[in-house]
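To be precise, the following lines are data01.pdb, and they hold PDB, C-alpha atoms and all ligand atoms.
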```pdb
ATOM      1  CA  MET A 169     -35.297  -1.633  34.453  1.00  0.00           C
ATOM      2  CA  ALA A 170     -31.697  -0.547  34.869  1.00  0.00           C
ATOM      3  CA  ILE A 171     -29.143  -2.571  32.943  1.00  0.00           C
ATOM      4  CA  THR A 172     -25.526  -2.059  33.884  1.00  0.00           C
ATOM      5  CA  PHE A 173     -23.684  -3.368  30.846  1.00  0.00           C
ATOM      6  CA  GLY A 174     -20.294  -2.785  32.460  1.00  0.00           C
ATOM      7  CA  CYS A 175     -21.127  -5.469  35.024  1.00  0.00           C
ATOM      8  CA  LEU A 176     -21.551  -8.241  32.482  1.00  0.00           C
ATOM      9  CA  LYS A 177     -19.080 -11.018  33.245  1.00  0.00           C
ATOM     10  CA  ASN A 178     -15.757 -11.263  31.431  1.00  0.00           C
ATOM     11  CA  GLY A 179     -16.221  -8.296  29.155  1.00  0.00           C
ATOM     12  CA  SER A 180     -18.805  -9.976  26.932  1.00  0.00           C
ATOM     13  CA  MET A 181     -20.368  -6.593  26.227  1.00  0.00           C
ATOM     14  CA  GLU A 182     -17.111  -5.334  24.776  1.00  0.00           C
ATOM     15  CA  LYS A 183     -16.962  -8.308  22.425  1.00  0.00           C
ATOM     16  CA  ASN A 184     -20.554  -7.917  21.333  1.00  0.00           C
ATOM     17  CA  GLU A 185     -20.038  -4.206  20.744  1.00  0.00           C
ATOM     18  CA  LEU A 186     -17.641  -5.169  17.948  1.00  0.00           C
ATOM     19  CA  LYS A 187     -20.311  -7.073  16.011  1.00  0.00           C
ATOM     20  CA  PRO A 188     -21.505  -4.071  13.928  1.00  0.00           C
ATOM     21  CA  GLN A 189     -17.907  -3.340  12.901  1.00  0.00           C
ATOM     22  CA  ILE A 190     -17.368  -6.977  11.945  1.00  0.00           C
ATOM     23  CA  SER A 191     -20.582  -6.966   9.878  1.00  0.00           C
ATOM     24  CA  LYS A 192     -19.347  -3.832   8.123  1.00  0.00           C
ATOM     25  CA  ILE A 193     -16.007  -5.492   7.266  1.00  0.00           C
ATOM     26  CA  ILE A 194     -17.820  -8.570   5.933  1.00  0.00           C
ATOM     27  CA  GLN A 195     -19.890  -6.352   3.623  1.00  0.00           C
ATOM     28  CA  ASP A 196     -16.916  -4.267   2.397  1.00  0.00           C
ATOM     29  CA  SER A 197     -16.807  -5.104  -1.319  1.00  0.00           C
ATOM     30  CA  ASP A 198     -13.656  -2.996  -1.769  1.00  0.00           C
ATOM     31  CA  LEU A 199     -11.729  -5.765   0.022  1.00  0.00           C
ATOM     32  CA  ASP A 200     -11.208  -9.360  -1.118  1.00  0.00           C
ATOM     33  CA  THR A 201     -11.975 -12.269   1.213  1.00  0.00           C
ATOM     34  CA  VAL A 202      -8.503 -12.547   2.766  1.00  0.00           C
ATOM     35  CA  GLN A 203      -8.308  -8.773   3.265  1.00  0.00           C
ATOM     36  CA  ARG A 204     -11.645  -8.871   5.100  1.00  0.00           C
ATOM     37  CA  MET A 205     -10.438 -11.757   7.283  1.00  0.00           C
ATOM     38  CA  GLN A 206      -7.230  -9.797   7.976  1.00  0.00           C
ATOM     39  CA  SER A 207      -9.283  -6.750   9.010  1.00  0.00           C
ATOM     40  CA  ILE A 208     -11.251  -8.908  11.459  1.00  0.00           C
ATOM     41  CA  CYS A 209      -7.988 -10.247  12.957  1.00  0.00           C
ATOM     42  CA  ASP A 210      -6.691  -6.680  13.330  1.00  0.00           C
ATOM     43  CA  LEU A 211      -9.930  -5.448  14.919  1.00  0.00           C
ATOM     44  CA  LEU A 212     -10.123  -8.256  17.496  1.00  0.00           C
ATOM     45  CA  GLN A 213      -6.422  -8.053  18.372  1.00  0.00           C
ATOM     46  CA  GLU A 214      -6.503  -4.267  18.725  1.00  0.00           C
ATOM     47  CA  GLN A 215      -9.780  -3.969  20.630  1.00  0.00           C
ATOM     48  CA  LEU A 216      -9.817  -6.939  23.005  1.00  0.00           C
ATOM     49  CA  PRO A 217      -6.954  -6.724  25.545  1.00  0.00           C
ATOM     50  CA  THR A 218      -6.682 -10.481  26.176  1.00  0.00           C
ATOM     51  CA  TYR A 219      -6.722 -11.364  22.445  1.00  0.00           C
ATOM     52  CA  ASN A 220      -2.944 -11.055  21.958  1.00  0.00           C
ATOM     53  CA  TRP A 221      -2.674 -13.111  18.763  1.00  0.00           C
ATOM     54  CA  VAL A 222      -5.539 -13.705  16.328  1.00  0.00           C
ATOM     55  CA  GLY A 223      -5.360 -15.784  13.160  1.00  0.00           C
ATOM     56  CA  PHE A 224      -7.363 -17.838  10.689  1.00  0.00           C
ATOM     57  CA  TYR A 225      -5.968 -21.244   9.748  1.00  0.00           C
ATOM     58  CA  MET A 226      -7.766 -22.736   6.745  1.00  0.00           C
ATOM     59  CA  ALA A 227      -7.777 -26.347   5.559  1.00  0.00           C
ATOM     60  CA  HIS A 228      -5.982 -27.232   2.326  1.00  0.00           C
ATOM     61  CA  GLU A 229      -8.376 -28.394  -0.375  1.00  0.00           C
ATOM     62  CA  SER A 230      -6.854 -31.861  -0.760  1.00  0.00           C
ATOM     63  CA  GLU A 231      -4.099 -32.373   1.836  1.00  0.00           C
ATOM     64  CA  PRO A 232      -4.729 -32.774   5.606  1.00  0.00           C
ATOM     65  CA  THR A 233      -2.999 -29.532   6.580  1.00  0.00           C
ATOM     66  CA  LEU A 234      -4.041 -26.137   7.922  1.00  0.00           C
ATOM     67  CA  HIS A 235      -2.598 -22.984   6.351  1.00  0.00           C
ATOM     68  CA  LEU A 236      -2.343 -19.588   8.000  1.00  0.00           C
ATOM     69  CA  TRP A 237      -4.259 -17.157   5.771  1.00  0.00           C
ATOM     70  CA  CYS A 238      -3.917 -14.081   7.981  1.00  0.00           C
ATOM     71  CA  GLN A 239      -2.957 -13.046  11.480  1.00  0.00           C
ATOM     72  CA  ALA A 240      -2.589 -10.108  13.851  1.00  0.00           C
ATOM     73  CA  GLY A 241       0.089 -10.120  16.543  1.00  0.00           C
ATOM     74  CA  GLU A 242       3.629 -11.474  16.567  1.00  0.00           C
ATOM     75  CA  PRO A 243       4.622 -13.345  13.394  1.00  0.00           C
ATOM     76  CA  THR A 244       4.661 -17.142  13.800  1.00  0.00           C
ATOM     77  CA  ASP A 245       6.783 -19.861  12.159  1.00  0.00           C
ATOM     78  CA  HIS A 246       3.770 -22.191  12.224  1.00  0.00           C
ATOM     79  CA  VAL A 247       2.162 -21.260   8.929  1.00  0.00           C
ATOM     80  CA  VAL A 248       1.343 -24.889   8.024  1.00  0.00           C
ATOM     81  CA  ILE A 249      -0.004 -27.295  10.672  1.00  0.00           C
ATOM     82  CA  PRO A 250      -0.766 -30.991   9.951  1.00  0.00           C
ATOM     83  CA  PHE A 251      -4.216 -32.257  10.960  1.00  0.00           C
ATOM     84  CA  GLY A 252      -3.973 -33.794  14.444  1.00  0.00           C
ATOM     85  CA  LYS A 253      -0.968 -31.742  15.525  1.00  0.00           C
ATOM     86  CA  GLY A 254      -1.288 -29.085  18.241  1.00  0.00           C
ATOM     87  CA  ILE A 255      -4.540 -27.533  19.429  1.00  0.00           C
ATOM     88  CA  CYS A 256      -5.323 -26.332  15.900  1.00  0.00           C
ATOM     89  CA  GLY A 257      -4.670 -29.699  14.277  1.00  0.00           C
ATOM     90  CA  GLN A 258      -6.865 -31.433  16.859  1.00  0.00           C
ATOM     91  CA  VAL A 259      -9.772 -29.079  16.100  1.00  0.00           C
ATOM     92  CA  ALA A 260      -9.367 -29.828  12.382  1.00  0.00           C
ATOM     93  CA  VAL A 261     -10.298 -33.465  13.130  1.00  0.00           C
ATOM     94  CA  SER A 262     -12.620 -33.105  16.159  1.00  0.00           C
ATOM     95  CA  ASN A 263     -14.865 -30.379  14.643  1.00  0.00           C
ATOM     96  CA  SER A 264     -15.256 -29.077  18.217  1.00  0.00           C
ATOM     97  CA  ASN A 265     -14.312 -25.927  20.066  1.00  0.00           C
ATOM     98  CA  PHE A 266     -11.115 -26.236  22.117  1.00  0.00           C
ATOM     99  CA  VAL A 267     -10.568 -23.909  25.076  1.00  0.00           C
ATOM    100  CA  VAL A 268      -7.199 -24.230  26.813  1.00  0.00           C
ATOM    101  CA  ASP A 269      -6.913 -22.496  30.184  1.00  0.00           C
ATOM    102  CA  ASP A 270      -3.233 -23.351  30.629  1.00  0.00           C
ATOM    103  CA  VAL A 271      -1.190 -24.268  27.568  1.00  0.00           C
ATOM    104  CA  LYS A 272       1.561 -25.774  29.776  1.00  0.00           C
ATOM    105  CA  ALA A 273      -0.846 -28.555  30.768  1.00  0.00           C
ATOM    106  CA  GLN A 274      -1.297 -29.666  27.116  1.00  0.00           C
ATOM    107  CA  ASP A 275       0.842 -32.493  25.693  1.00  0.00           C
ATOM    108  CA  ASN A 276      -0.229 -31.981  22.084  1.00  0.00           C
ATOM    109  CA  TYR A 277       0.500 -28.282  21.817  1.00  0.00           C
ATOM    110  CA  ILE A 278       2.555 -26.174  19.383  1.00  0.00           C
ATOM    111  CA  ALA A 279       4.182 -23.225  21.162  1.00  0.00           C
ATOM    112  CA  CYS A 280       4.299 -20.044  19.105  1.00  0.00           C
ATOM    113  CA  SER A 281       5.525 -17.693  21.825  1.00  0.00           C
ATOM    114  CA  ILE A 282       6.825 -18.076  25.371  1.00  0.00           C
ATOM    115  CA  HIS A 283       4.347 -15.407  26.465  1.00  0.00           C
ATOM    116  CA  VAL A 284       1.210 -17.387  25.568  1.00  0.00           C
ATOM    117  CA  LYS A 285      -0.695 -18.794  28.549  1.00  0.00           C
ATOM    118  CA  SER A 286      -4.113 -19.745  27.158  1.00  0.00           C
ATOM    119  CA  GLU A 287      -5.709 -20.396  23.791  1.00  0.00           C
ATOM    120  CA  ILE A 288      -9.084 -20.835  22.098  1.00  0.00           C
ATOM    121  CA  VAL A 289      -9.701 -22.466  18.723  1.00  0.00           C
ATOM    122  CA  ILE A 290     -13.177 -22.454  17.134  1.00  0.00           C
ATOM    123  CA  PRO A 291     -13.857 -24.446  13.939  1.00  0.00           C
ATOM    124  CA  LEU A 292     -15.271 -22.610  10.936  1.00  0.00           C
ATOM    125  CA  PHE A 293     -17.995 -24.436   9.020  1.00  0.00           C
ATOM    126  CA  LYS A 294     -19.035 -23.795   5.428  1.00  0.00           C
ATOM    127  CA  ASP A 295     -22.106 -25.765   4.294  1.00  0.00           C
ATOM    128  CA  GLY A 296     -21.617 -28.055   7.298  1.00  0.00           C
ATOM    129  CA  LYS A 297     -17.954 -28.803   6.490  1.00  0.00           C
ATOM    130  CA  ASN A 298     -15.069 -27.884   8.816  1.00  0.00           C
ATOM    131  CA  VAL A 299     -12.990 -25.717   6.458  1.00  0.00           C
ATOM    132  CA  GLY A 300     -10.764 -23.913   8.945  1.00  0.00           C
ATOM    133  CA  GLN A 301     -10.718 -22.153  12.266  1.00  0.00           C
ATOM    134  CA  ILE A 302     -10.097 -18.989  14.189  1.00  0.00           C
ATOM    135  CA  ASP A 303      -7.256 -19.284  16.687  1.00  0.00           C
ATOM    136  CA  ILE A 304      -6.686 -16.821  19.536  1.00  0.00           C
ATOM    137  CA  ASP A 305      -3.723 -16.813  21.922  1.00  0.00           C
ATOM    138  CA  SER A 306      -3.677 -14.901  25.186  1.00  0.00           C
ATOM    139  CA  ASN A 307      -0.827 -13.891  27.462  1.00  0.00           C
ATOM    140  CA  THR A 308      -3.304 -14.255  30.367  1.00  0.00           C
ATOM    141  CA  VAL A 309      -4.095 -17.631  31.977  1.00  0.00           C
ATOM    142  CA  ALA A 310      -7.693 -18.836  31.420  1.00  0.00           C
ATOM    143  CA  ALA A 311      -8.571 -15.789  29.331  1.00  0.00           C
ATOM    144  CA  PHE A 312     -11.478 -17.460  27.482  1.00  0.00           C
ATOM    145  CA  ASP A 313     -14.915 -18.675  28.523  1.00  0.00           C
ATOM    146  CA  GLN A 314     -18.276 -19.534  26.974  1.00  0.00           C
ATOM    147  CA  SER A 315     -18.890 -15.915  26.006  1.00  0.00           C
ATOM    148  CA  ASP A 316     -15.790 -16.095  23.791  1.00  0.00           C
ATOM    149  CA  GLU A 317     -16.992 -19.389  22.294  1.00  0.00           C
ATOM    150  CA  ARG A 318     -20.392 -17.880  21.371  1.00  0.00           C
ATOM    151  CA  PHE A 319     -18.811 -14.687  20.038  1.00  0.00           C
ATOM    152  CA  LEU A 320     -16.208 -16.476  17.906  1.00  0.00           C
ATOM    153  CA  GLU A 321     -18.805 -18.951  16.587  1.00  0.00           C
ATOM    154  CA  TRP A 322     -20.724 -15.877  15.413  1.00  0.00           C
ATOM    155  CA  VAL A 323     -17.564 -14.380  13.841  1.00  0.00           C
ATOM    156  CA  ASN A 324     -16.928 -17.630  11.966  1.00  0.00           C
ATOM    157  CA  GLU A 325     -20.541 -17.752  10.720  1.00  0.00           C
ATOM    158  CA  GLN A 326     -20.022 -14.281   9.250  1.00  0.00           C
ATOM    159  CA  VAL A 327     -16.740 -15.270   7.588  1.00  0.00           C
ATOM    160  CA  ALA A 328     -18.378 -18.411   6.137  1.00  0.00           C
ATOM    161  CA  THR A 329     -20.704 -16.145   4.118  1.00  0.00           C
ATOM    162  CA  ILE A 330     -17.745 -14.719   2.158  1.00  0.00           C
ATOM    163  CA  LEU A 331     -15.881 -18.000   1.509  1.00  0.00           C
TER     164      LEU A 331
HETATM  165  N1  LIG B 401      -0.728 -23.115  19.548  1.00  0.00           N
HETATM  166  C1  LIG B 401      -1.275 -23.637  18.324  1.00  0.00           C
HETATM  167  C2  LIG B 401      -0.395 -23.311  17.158  1.00  0.00           C
HETATM  168  C3  LIG B 401      -0.708 -22.027  16.481  1.00  0.00           C
HETATM  169  S1  LIG B 401      -0.084 -20.701  17.316  1.00  0.00           S
HETATM  170  O1  LIG B 401      -0.879 -20.541  18.538  1.00  0.00           O
HETATM  171  C4  LIG B 401      -0.155 -19.335  16.428  1.00  0.00           C
HETATM  172  C5  LIG B 401      -1.481 -25.130  18.421  1.00  0.00           C
HETATM  173  O2  LIG B 401      -1.079 -25.759  19.404  1.00  0.00           O
HETATM  174  O3  LIG B 401      -2.051 -25.691  17.495  1.00  0.00           O
END
```

Kindly return the structure encoded in the file as structure tokens.
Ligand code: SME
Amino acid sequence: MAITFGCLKNGSMEKNELKPQISKIIQDSDLDTVQRMQSICDLLQEQLPTYNWVGFYMAHESEPTLHLWCQAGEPTDHVVIPFGKGICGQVAVSNSNFVVDDVKAQDNYIACSIHVKSEIVIPLFKDGKNVGQIDIDSNTVAAFDQSDERFLEWVNEQVATIL
């Protein structure tokens, strides 16, 4: 049976091809946890053309705020986000994936760059608890679909093993 990987919809093969490299980063004992998370941000932002900004926001231990632990892409002023505010803050309380095709259509949205058109935020669970999230911004409208949700859920499961 002939399988033409290049024909898979929305570049899902390209994402899945990064999994071995992500596993290698997770297992790299020369790096601490935040350095490994930074390396994953760098890899995704460098290798996936529509992933223009990649970051991990992690929940504070006692206060209802998210804190930016690492990022790849343009620096952002939004290093602390209250629960409930913006797409990220909403995911901190909903525990659900949030895929935004057009950020302009969102009322509760924190703009980090005028170039951003779409966004995906996937909660990160450790022992069943929502402890943070991966946040991706794209300069392309509707850049994310279910293949990104499945891929980023997998990425977060890997990161959970080193938290
Ligand atoms: N747009 C996000 C804020 C984080 S930036 O994208 C880096 C939000 O609305 O929560």

Taking all atoms listed in the file into account, which residues have an atom no farther than 6 Å from ligand LIG 401 (chain B)? I'd like them as a PDB file with C-alpha atoms, keeping the file's coordinate frame.
```
ATOM      1  CA  THR A 244       4.661 -17.142  13.800  1.00  0.00           C
ATOM      2  CA  GLY A 254      -1.288 -29.085  18.241  1.00  0.00           C
ATOM      3  CA  ILE A 255      -4.540 -27.533  19.429  1.00  0.00           C
ATOM      4  CA  CYS A 256      -5.323 -26.332  15.900  1.00  0.00           C
ATOM      5  CA  GLY A 257      -4.670 -29.699  14.277  1.00  0.00           C
ATOM      6  CA  TYR A 277       0.500 -28.282  21.817  1.00  0.00           C
ATOM      7  CA  ILE A 278       2.555 -26.174  19.383  1.00  0.00           C
ATOM      8  CA  ALA A 279       4.182 -23.225  21.162  1.00  0.00           C
ATOM      9  CA  CYS A 280       4.299 -20.044  19.105  1.00  0.00           C
ATOM     10  CA  ASP A 305      -3.723 -16.813  21.922  1.00  0.00           C
TER      11      ASP A 305
END
```

Among the residues A:Leu331, A:Val309, A:Ile282, A:Ile194, the one that comes closest to A:Val268 [using all atoms listed in the file]: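 Closest residue, counting all atoms listed in the file: A:Val309.
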
Cut-off 10 Å around (-8.5, -12.4, 19.2) with all atoms listed in the file: residues as a list in words: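 Within the cut-off we find Lys183, Ile208, Cys209, Asp210, Leu211, Leu212, Gln213, Glu214, Gln215, Leu216, Pro217, Thr218, Tyr219, Asn220, Trp221, Val222, Gly223, Gln239, Ala240, Gly241, Glu287, Ile288, Ile302, Asp303, Ile304, Asp305, Ser306, Asp316 and Leu320 of chain A.
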
Nearest-residue call for A:Thr308, choices A:Gln203, A:Ser281, A:Asn276, A:Ser286, using only C-alpha atoms: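 Nearest candidate to A:Thr308 out of A:Gln203, A:Ser281, A:Asn276, A:Ser286: A:Ser286.
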
For A:Glu242, the nearest of the candidates A:Ile330, A:Val261, A:Val284, A:Val299, counting only C-alpha atoms: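 Residue with the minimum atom-to-atom distance to A:Glu242: A:Val284.
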
Test item: residues at most 7 Å from A:Phe266, all atoms listed in the file, excluding those fewer than 6 positions along its chain, as an MDAnalysis selection string: chainID A and resid 259 288:290

Given only C-alpha atoms as the counted atoms, nearest of A:Lys253, A:Arg204, A:Arg318, A:Lys294 to A:Gln274: A:Lys253

Expected selection from the PyMOL selection byres (((chain A and resi 260) around 8) and not hetatm), given as a ChimeraX atom specification: /A:227,234,251-252,256-259,261-263,291,298,300-301

Two-atom distance - atom CA of A:Trp237, atom CA of A:Ala273 (Å):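 Computed distance, atom CA of A:Trp237 to atom CA of A:Ala273, equals 27.7 Å.
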
Å distance separating atom CA of A:Glu325 from atom CA of A:Ile193, one decimal place: 13.5 Å

Gap from atom CA of A:Lys272 to atom CA of A:Asn307 - Å, one decimal: 12.3 Å

Residue among A:Val267, A:Val248, A:Met205, A:Ala310 lying closest to A:Thr329, counting only C-alpha atoms: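 Closest to A:Thr329, using only C-alpha atoms: A:Met205.
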
5 Å per side around stretch 186-189 of chain A: axis-aligned box centre and edge lengths, as lines of an AutoDock Vina configuration file:
```
center_x = -19.6
center_y = -5.2
center_z = 15.4
size_x = 13.9
size_y = 13.7
size_z = 15.0
```

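For the choices A:Gln206, A:Asn265, A:Gln195, A:Phe224, the atom-to-atom distance to A:Ile249 is smallest for A:Phe224 when using only C-alpha atoms.
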